[in-house]
Every structure is written in C-alpha cells, then in structure tokens.
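One structure is given below, encoded as structure tokens.
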Amino acid sequence: MSTPAPTLGRRERNKQQKLERITAAATELFAEHGIDDVTTQQIAEKADVGTGTLFLYAKTKGELLLLVQNAHYAVALETGRAAAEATPDTLEAAMALLRPIIECNRAQIENGRTYLREMVFGNPTDSHHAEALRIVGDTENALADILRRDPTIDDNRAAALARIVSAVMFVTMAASVNAEASIDEIAQDVRAQVDALLRP
C-alpha cells in the first residue's frame, strides 16, 4: 500500500500559490511582449505580489524566464521522446526528439534566444539554471539512447555524439544569423548537420 503524499502546511501552500501566480504572470507577459519589454514590476503587479516577494523566487528577469521556459522545455522533451520511440530510423528519430524543442524555443524568438543565453551563462547556483541544465542533460541522454540503436555506435561514441548534436541544435537556434529563420528552416539546418555527423 502506498503512503499518501504529505499535505502542505499553510505557509507552504501560500508559497506554492505565489510561485504559481508569478509563473503565470511571467508566462503571459513574456509571451505577449517578449522579455526585453517586460519589467519585474509589471510581473509583480500582475501576480499580485510585492517586488521583494518576486525576488525571493527569481532574482532577475533572466531567472524568471528560466522558471517559465523550463516547464515548456520539459514538456517538449517528453513529446519528442514519444515521437522518437515511434520512429525507427536513427536520424529521423533524433529529429523527432529535437523538433518539439526547436518549436518550443521559437515560440517567441527573443525569449528563446535569451533562454539559451541564460542557460549557458547564468548563475550555476540558481535552482532555475540548474533545472535548465538538467533538461539539457536529459535531452542528451535521450539522444544517446537513440544513437545506440545503430550497432556501429558504442556507448562512449553515442554519449559524445549526443553532446555534439545538442550543441549543434542550441547554437543553430541561438545564432544571430538565424534570428528570422522559421521553425522548419532551423529544423532543416539542424538535420543537415546531424546527417553529416552520423554519416560513416
């Protein structure tokens, strides 16, 4: 018999509700205006919390964006995993995994590019940054699992290739030259690079 989950006390429930309001407010404002045109004051007002309270959950707009986007990226990764499982070809399975992540990143281009910048250069002690890096690690593990389907690719090579493919995707999405590129154009660019990488 499973043990029921412990119920949260009033203080913890209150903190969780504030976090949910802050996340919802930041999600809406960032999606509507982009990160550069939103202030922390606007997010605090929409969430009905003080700015001091807001900074307890995220110290900067960058951290707020990580908080918001991490949830979307986690969902995109799970969508990609399911699609990859149903795709037998190695290259096509890799792209089935990556396509939802690319779509997530390009939903609001400046937010997506800022997210990648925060992920790479943000404070590694911040919990939202650590969560972003965990998602990247999970993506690389999923890629390695796909690459291991190929009998010519051993475990070490699969792990190394997965890191390279992950870097290819992130650099392609973040590159200034691709700022106006569509989801299909980004996906085609990534696919061409991964195809070249996997060719014997």
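Residue numbering restarts at 1 for every chain of the structure tokens, chains are lettered A, B, ... in their displayed order, and ligands are numbered from 1 as they appear.
Look at Met173 of chain A: the protein and nucleic acid residues within 10 Å of it, using only C-alpha atoms and passing over chain neighbours fewer than 4 places away, are A:Ile102, A:Asn105, A:Arg106, A:Ile109, A:Gly112, A:Arg113, A:Leu116, A:Ala167, A:Val168, A:Met169, A:Val177, A:Asn178, A:Ala179, A:Ala181, A:Ile183, A:Ile186, A:Ala187, A:Asp189, A:Val190.
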Restricted to N, CA and C atoms, what would the selected residues look like written as a CSV table (one decimal), in the first residue's frame?
chain,number,residue,atom,x,y,z
A,102,ILE,N,12.8,22.6,-30.7
A,102,ILE,CA,13.0,23.7,-31.6
A,102,ILE,C,11.7,24.5,-31.6
A,105,ASN,N,11.5,26.6,-28.5
A,105,ASN,CA,12.4,27.7,-28.5
A,105,ASN,C,12.0,28.8,-29.4
A,106,ARG,N,11.3,28.5,-30.5
A,106,ARG,CA,11.0,29.5,-31.5
A,106,ARG,C,9.5,30.1,-31.3
A,109,ILE,N,10.8,34.3,-30.4
A,109,ILE,CA,12.2,34.1,-30.8
A,109,ILE,C,13.2,34.8,-29.8
A,112,GLY,N,13.3,32.8,-26.6
A,112,GLY,CA,14.1,31.6,-26.8
A,112,GLY,C,15.6,31.8,-26.8
A,113,ARG,N,16.0,32.9,-27.5
A,113,ARG,CA,17.4,33.1,-27.6
A,113,ARG,C,17.9,33.6,-26.2
A,116,LEU,N,18.4,30.6,-24.0
A,116,LEU,CA,19.7,29.8,-24.2
A,116,LEU,C,20.9,30.6,-23.6
A,167,ALA,N,24.7,20.5,-28.8
A,167,ALA,CA,25.3,21.8,-29.1
A,167,ALA,C,25.0,22.3,-30.5
A,168,VAL,N,24.9,21.5,-31.5
A,168,VAL,CA,24.5,21.9,-32.8
A,168,VAL,C,23.1,22.6,-32.8
A,169,MET,N,22.2,21.9,-32.1
A,169,MET,CA,20.8,22.5,-32.0
A,169,MET,C,20.8,23.8,-31.3
A,177,VAL,N,22.4,35.0,-37.0
A,177,VAL,CA,22.1,34.9,-38.4
A,177,VAL,C,20.8,34.2,-38.6
A,178,ASN,N,20.3,33.4,-37.6
A,178,ASN,CA,19.1,32.7,-37.7
A,178,ASN,C,17.9,33.4,-37.0
A,179,ALA,N,18.1,34.6,-36.6
A,179,ALA,CA,17.1,35.3,-35.8
A,179,ALA,C,15.7,35.3,-36.5
A,181,ALA,N,14.9,33.1,-38.9
A,181,ALA,CA,14.6,31.8,-39.5
A,181,ALA,C,13.3,31.1,-38.9
A,183,ILE,N,10.8,27.8,-38.0
A,183,ILE,CA,11.0,26.5,-37.3
A,183,ILE,C,11.5,25.5,-38.3
A,186,ILE,N,15.1,26.2,-39.2
A,186,ILE,CA,16.0,25.7,-38.1
A,186,ILE,C,16.1,24.2,-38.1
A,187,ALA,N,15.0,23.5,-38.2
A,187,ALA,CA,15.0,22.1,-38.2
A,187,ALA,C,15.8,21.5,-39.3
A,189,ASP,N,18.2,22.9,-41.0
A,189,ASP,CA,19.6,23.2,-40.8
A,189,ASP,C,20.2,22.2,-39.8
A,190,VAL,N,19.5,22.0,-38.7
A,190,VAL,CA,20.0,21.0,-37.7
A,190,VAL,C,20.1,19.6,-38.3
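Close contacts of Arg157 of chain A, defined as residues with an atom at most 12 Å away when counting only C-alpha atoms, with chain neighbours fewer than 3 positions off set aside, comprise Leu143, Ala144, Asp145, Leu147, Arg148, Asp150, Pro151, Thr152, Ile153, Asp154, Ala160, Leu161, Ala162, Arg163, Ile164, Val165, Leu197 and Leu198 of chain A.
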Exercise for review: Could you give me, as a list in words, the residues within 8 Å of Ile35 of chain A, counting only C-alpha atoms and dropping anything in the same chain fewer than 3 positions from it?
Suggested key: Leu29, Phe30, Val38, Lys61, Leu65, Glu110 and Asn111 of chain A
With N, CA and C atoms retained, could you export that selection as a short mmCIF file (atom, residue, chain, number, x, y, z; two decimals), in the first residue's frame?
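File written: again_34.cif
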data_model
loop_
_atom_site.label_atom_id
_atom_site.label_comp_id
_atom_site.auth_asym_id
_atom_site.auth_seq_id
_atom_site.Cartn_x
_atom_site.Cartn_y
_atom_site.Cartn_z
N LEU A 29 3.05 37.64 -19.78
CA LEU A 29 3.69 38.90 -20.19
C LEU A 29 4.85 38.65 -21.15
N PHE A 30 5.66 37.64 -20.88
CA PHE A 30 6.77 37.33 -21.79
C PHE A 30 6.26 36.90 -23.16
N VAL A 38 9.29 43.75 -20.85
CA VAL A 38 8.54 43.49 -19.62
C VAL A 38 9.44 43.82 -18.44
N LYS A 61 15.13 39.03 -14.33
CA LYS A 61 14.21 38.63 -15.40
C LYS A 61 14.71 37.36 -16.07
N LEU A 65 12.61 34.00 -16.66
CA LEU A 65 12.44 33.35 -17.96
C LEU A 65 12.81 31.87 -17.86
N GLU A 110 12.90 36.00 -29.38
CA GLU A 110 13.81 36.67 -28.45
C GLU A 110 13.82 35.98 -27.08
N ASN A 111 12.65 35.54 -26.64
CA ASN A 111 12.61 34.78 -25.37
C ASN A 111 13.45 33.51 -25.49
#
Practice item. Identify all residues of chain A in alpha helix (DSSP H) (DSSP on the backbone) and supply them as a PyMOL selection string. Key: chain A and resi 10-33+40-47+51-57+61-85+90-105+109-121+127-147+155-174+183-198
Check your understanding: Quick one: of A:Asp195, A:Asp89, A:Glu78, A:Glu185, who's nearest to Ala142 of chain A, counting only C-alpha atoms?
Key ->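 The closest residue to Ala142 of chain A is A:Glu78.
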Practice item. Name the residues in contact with segment 53-55 of chain A at a cut-off of 8 Å, using only C-alpha atoms, excluding same-chain residues fewer than 6 positions from it; report them as a list of chain:residue names. Key: A:Ile22, A:Thr40, A:Ala44
Review point. Which residues, written as a VMD selection string, have at least one atom at most 9 Å from Glu103 of chain A, with only C-alpha atoms counted and residues fewer than 4 positions away on the same chain left out?
Key: chain A and resid 76 98 to 99 107 183 to 184 187
Emit the selected residues as an mmCIF file, in the first residue's frame, including N, CA and C atoms.
data_model
loop_
_atom_site.group_PDB
_atom_site.id
_atom_site.type_symbol
_atom_site.label_atom_id
_atom_site.label_comp_id
_atom_site.auth_asym_id
_atom_site.auth_seq_id
_atom_site.Cartn_x
_atom_site.Cartn_y
_atom_site.Cartn_z
ATOM 1 N N ALA A 76 8.192 19.678 -23.973
ATOM 2 C CA ALA A 76 8.667 19.467 -25.346
ATOM 3 C C ALA A 76 9.554 18.224 -25.425
ATOM 4 N N LEU A 98 14.131 16.206 -31.366
ATOM 5 C CA LEU A 98 14.557 17.607 -31.301
ATOM 6 C C LEU A 98 13.505 18.589 -31.799
ATOM 7 N N ARG A 99 12.656 18.174 -32.720
ATOM 8 C CA ARG A 99 11.696 19.104 -33.332
ATOM 9 C C ARG A 99 10.814 19.828 -32.299
ATOM 10 N N ALA A 107 8.864 29.683 -30.225
ATOM 11 C CA ALA A 107 7.508 30.206 -29.985
ATOM 12 C C ALA A 107 7.541 31.731 -29.843
ATOM 13 N N ILE A 183 10.775 27.832 -37.965
ATOM 14 C CA ILE A 183 10.981 26.543 -37.291
ATOM 15 C C ILE A 183 11.476 25.507 -38.299
ATOM 16 N N ASP A 184 10.843 25.462 -39.472
ATOM 17 C CA ASP A 184 11.248 24.489 -40.499
ATOM 18 C C ASP A 184 12.685 24.727 -40.949
ATOM 19 N N ALA A 187 15.003 23.537 -38.212
ATOM 20 C CA ALA A 187 14.996 22.066 -38.166
ATOM 21 C C ALA A 187 15.776 21.484 -39.339
#
Practice item. Show which residues sit within 10 Å of Val120 of chain A, as a list in words. Count only C-alpha atoms, and ignore same-chain residues fewer than 4 positions away. Key: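 After dropping sequence-adjacent residues, the list is Thr114, Tyr115, Leu116, Pro124, His129, Ala132, Leu133 and Phe170 of chain A.
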Practice item. Return the single residue from A:His128, A:Lys59, A:Arg10, A:Arg21 that is closest to Ile43 of chain A, with distances computed using only C-alpha atoms. Key: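 Closest to Ile43 of chain A, using only C-alpha atoms: A:Arg21.
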Exercise for review: Kindly indicate which residue among A:Ala96, A:Ala158, A:Cys104, A:Ala84 lies nearest to Asn141 of chain A, using only C-alpha atoms for the distances.
Suggested key: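 Of the candidates, the smallest distance to Asn141 of chain A is held by A:Ala158.
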Practice item. Counting only C-alpha atoms, figure out which residue out of A:Arg117, A:Gly80, A:Ala31, A:Gln69 gets nearest to Thr139 of chain A. Key: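 For Thr139 of chain A, the nearest of the candidates is A:Gly80.
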Check your understanding: A:Ile146, A:Asn123, A:Ala24, A:Ser182: which is nearest Glu92 of chain A, counting only C-alpha atoms?
Key -> A:Ile146
